[in-house]
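So the structure is just underneath, and the comments pick up after that.
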Amino acid sequence: MINMRGQMILAIIPSFITQLIAFYRIRKLSKGLVVELIIFLVDALIQAIIPWPFGVIFALPLTVGVPVYFIRKWTLEYNRMPKGMLG
């Protein structure tokens, strides 16, 4: 069983490294990498369109909110799996 509080702390920190650690702990690293790559590309697009520092206002909620959503969702699924399936 993975502690949800620890997962949320890792997810809320706006650093892809801590978010990838959270994805790794629930065995969703490859999907987490895809999520992080998409977020990076969208953030780069936002920063290219909206000048700094105003682009950060739009990019930061995306950078934190999307990983929090997926980490929470997948952690709940991971914790519901029968222990024999965890491998």
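How things are named: the first chain in the structure tokens is A, the next is B, and so on; residues count from 1 in each chain; ligands count from 1 in the order shown.
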Could you list, as a ChimeraX atom specification, every residue within 12 Å of A:Tyr69, counting only C-alpha atoms and ignoring same-chain residues fewer than 2 positions away? /A:7-8,11-12,19,23,32,35,61-67,71-76
Restricting the output to N, CA and C atoms, write the selected residues as a compact mmCIF listing (two decimals), in the first residue's frame.
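See again.txt below for the written result:
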```
# COMPACT_ATOMS: atom_id res chain seq x y z
N GLN A 7 2.48 10.59 -1.67
CA GLN A 7 2.31 10.74 -3.12
C GLN A 7 1.90 12.17 -3.47
N MET A 8 0.99 12.74 -2.69
CA MET A 8 0.52 14.10 -2.99
C MET A 8 1.62 15.13 -2.74
N ALA A 11 3.73 14.95 -5.73
CA ALA A 11 3.03 15.47 -6.91
C ALA A 11 2.92 16.98 -6.90
N ILE A 12 2.74 17.58 -5.73
CA ILE A 12 2.51 19.02 -5.64
C ILE A 12 3.79 19.81 -5.90
N GLN A 19 7.77 14.24 -9.29
CA GLN A 19 6.56 13.66 -9.86
C GLN A 19 6.85 12.30 -10.49
N PHE A 23 5.25 8.58 -9.78
CA PHE A 23 4.79 7.64 -10.81
C PHE A 23 5.51 6.29 -10.69
N GLY A 32 3.71 8.07 -16.80
CA GLY A 32 4.09 9.33 -16.17
C GLY A 32 5.03 10.14 -17.04
N VAL A 35 2.94 11.79 -19.70
CA VAL A 35 2.22 12.93 -19.11
C VAL A 35 3.17 14.11 -18.94
N PRO A 61 -0.37 26.14 -12.87
CA PRO A 61 -1.48 25.23 -12.51
C PRO A 61 -1.49 23.95 -13.35
N LEU A 62 -1.12 24.07 -14.60
CA LEU A 62 -1.04 22.90 -15.48
C LEU A 62 0.09 21.98 -15.03
N THR A 63 1.23 22.57 -14.70
CA THR A 63 2.41 21.80 -14.30
C THR A 63 2.16 21.00 -13.03
N VAL A 64 1.35 21.53 -12.13
CA VAL A 64 1.07 20.85 -10.87
C VAL A 64 -0.24 20.07 -10.95
N GLY A 65 -1.27 20.67 -11.52
CA GLY A 65 -2.61 20.07 -11.48
C GLY A 65 -2.75 18.76 -12.22
N VAL A 66 -2.18 18.67 -13.40
CA VAL A 66 -2.31 17.43 -14.19
C VAL A 66 -1.61 16.25 -13.53
N PRO A 67 -0.35 16.40 -13.10
CA PRO A 67 0.28 15.26 -12.40
C PRO A 67 -0.44 14.88 -11.10
N ILE A 71 -1.56 11.12 -10.55
CA ILE A 71 -0.93 10.40 -9.45
C ILE A 71 -1.98 9.96 -8.44
N ARG A 72 -2.92 10.83 -8.13
CA ARG A 72 -4.00 10.46 -7.20
C ARG A 72 -4.84 9.31 -7.76
N LYS A 73 -5.25 9.46 -9.01
CA LYS A 73 -6.09 8.44 -9.66
C LYS A 73 -5.38 7.08 -9.68
N TRP A 74 -4.14 7.07 -10.13
CA TRP A 74 -3.42 5.81 -10.28
C TRP A 74 -2.97 5.23 -8.94
N THR A 75 -2.74 6.09 -7.94
CA THR A 75 -2.40 5.58 -6.61
C THR A 75 -3.60 4.88 -5.99
N LEU A 76 -4.79 5.46 -6.15
CA LEU A 76 -6.00 4.80 -5.65
C LEU A 76 -6.21 3.46 -6.34
```
Find, counting only C-alpha atoms, the residue in A:Ala48, A:Ile39, A:Ile17, A:Ile26 that gets nearest to A:Glu77.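 Between A:Ala48, A:Ile39, A:Ile17, A:Ile26, the residue approaching A:Glu77 most closely is A:Ile26.
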Determine the nearest neighbour of A:Ala22 from the options A:Val68, A:Leu60, A:Met81, A:Ile46, counting only C-alpha atoms. A:Val68
What gap, in Å, lies between atom CA of A:Leu10 and atom CA of A:Asn79?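 These atoms are spaced 16.9 Å apart.
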For the helix (DSSP H, G or I) assignment from backbone DSSP, which residues of stretch 19-52 of chain A qualify? Please present them as a list of chain:residue names.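 Answer for stretch 19-52 of chain A, restricted to helix (DSSP H, G or I): A:Gln19, A:Leu20, A:Ile21, A:Ala22, A:Phe23, A:Tyr24, A:Arg25, A:Leu29, A:Ser30, A:Lys31, A:Gly32, A:Leu33, A:Val34, A:Val35, A:Glu36, A:Leu37, A:Ile38, A:Ile39, A:Phe40, A:Leu41, A:Val42, A:Asp43, A:Ala44, A:Leu45, A:Ile46, A:Gln47, A:Ala48, A:Ile49.
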Can you write out the residues you just picked, keeping C-alpha atoms, as a PDB file, in the first residue's frame?
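This went into part32.pdb:
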```pdb
ATOM      1  CA  GLN A  19       6.559  13.661  -9.859  1.00  0.00           C
ATOM      2  CA  LEU A  20       8.375  10.863 -11.702  1.00  0.00           C
ATOM      3  CA  ILE A  21       9.316   9.335  -8.334  1.00  0.00           C
ATOM      4  CA  ALA A  22       5.606   9.284  -7.455  1.00  0.00           C
ATOM      5  CA  PHE A  23       4.789   7.641 -10.809  1.00  0.00           C
ATOM      6  CA  TYR A  24       7.580   5.091 -10.283  1.00  0.00           C
ATOM      7  CA  ARG A  25       6.269   4.118  -6.833  1.00  0.00           C
ATOM      8  CA  LEU A  29       6.652   5.439 -14.853  1.00  0.00           C
ATOM      9  CA  SER A  30       6.189   5.080 -18.621  1.00  0.00           C
ATOM     10  CA  LYS A  31       2.737   6.682 -18.531  1.00  0.00           C
ATOM     11  CA  GLY A  32       4.087   9.333 -16.173  1.00  0.00           C
ATOM     12  CA  LEU A  33       6.871  10.148 -18.629  1.00  0.00           C
ATOM     13  CA  VAL A  34       4.289  10.653 -21.375  1.00  0.00           C
ATOM     14  CA  VAL A  35       2.224  12.929 -19.109  1.00  0.00           C
ATOM     15  CA  GLU A  36       5.314  14.942 -18.160  1.00  0.00           C
ATOM     16  CA  LEU A  37       6.416  15.272 -21.806  1.00  0.00           C
ATOM     17  CA  ILE A  38       2.995  16.553 -22.878  1.00  0.00           C
ATOM     18  CA  ILE A  39       2.956  19.017 -19.981  1.00  0.00           C
ATOM     19  CA  PHE A  40       6.446  20.222 -20.933  1.00  0.00           C
ATOM     20  CA  LEU A  41       5.415  20.813 -24.547  1.00  0.00           C
ATOM     21  CA  VAL A  42       2.217  22.640 -23.592  1.00  0.00           C
ATOM     22  CA  ASP A  43       4.121  24.743 -21.042  1.00  0.00           C
ATOM     23  CA  ALA A  44       6.721  25.651 -23.662  1.00  0.00           C
ATOM     24  CA  LEU A  45       3.943  26.683 -26.038  1.00  0.00           C
ATOM     25  CA  ILE A  46       2.307  28.819 -23.344  1.00  0.00           C
ATOM     26  CA  GLN A  47       5.644  30.466 -22.534  1.00  0.00           C
ATOM     27  CA  ALA A  48       6.237  31.165 -26.234  1.00  0.00           C
ATOM     28  CA  ILE A  49       2.835  32.798 -26.668  1.00  0.00           C
TER      29      ILE A  49
END
```
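Between atom CA of A:Met1 and atom CA of A:Pro14 lies a distance of 24.4 Å.
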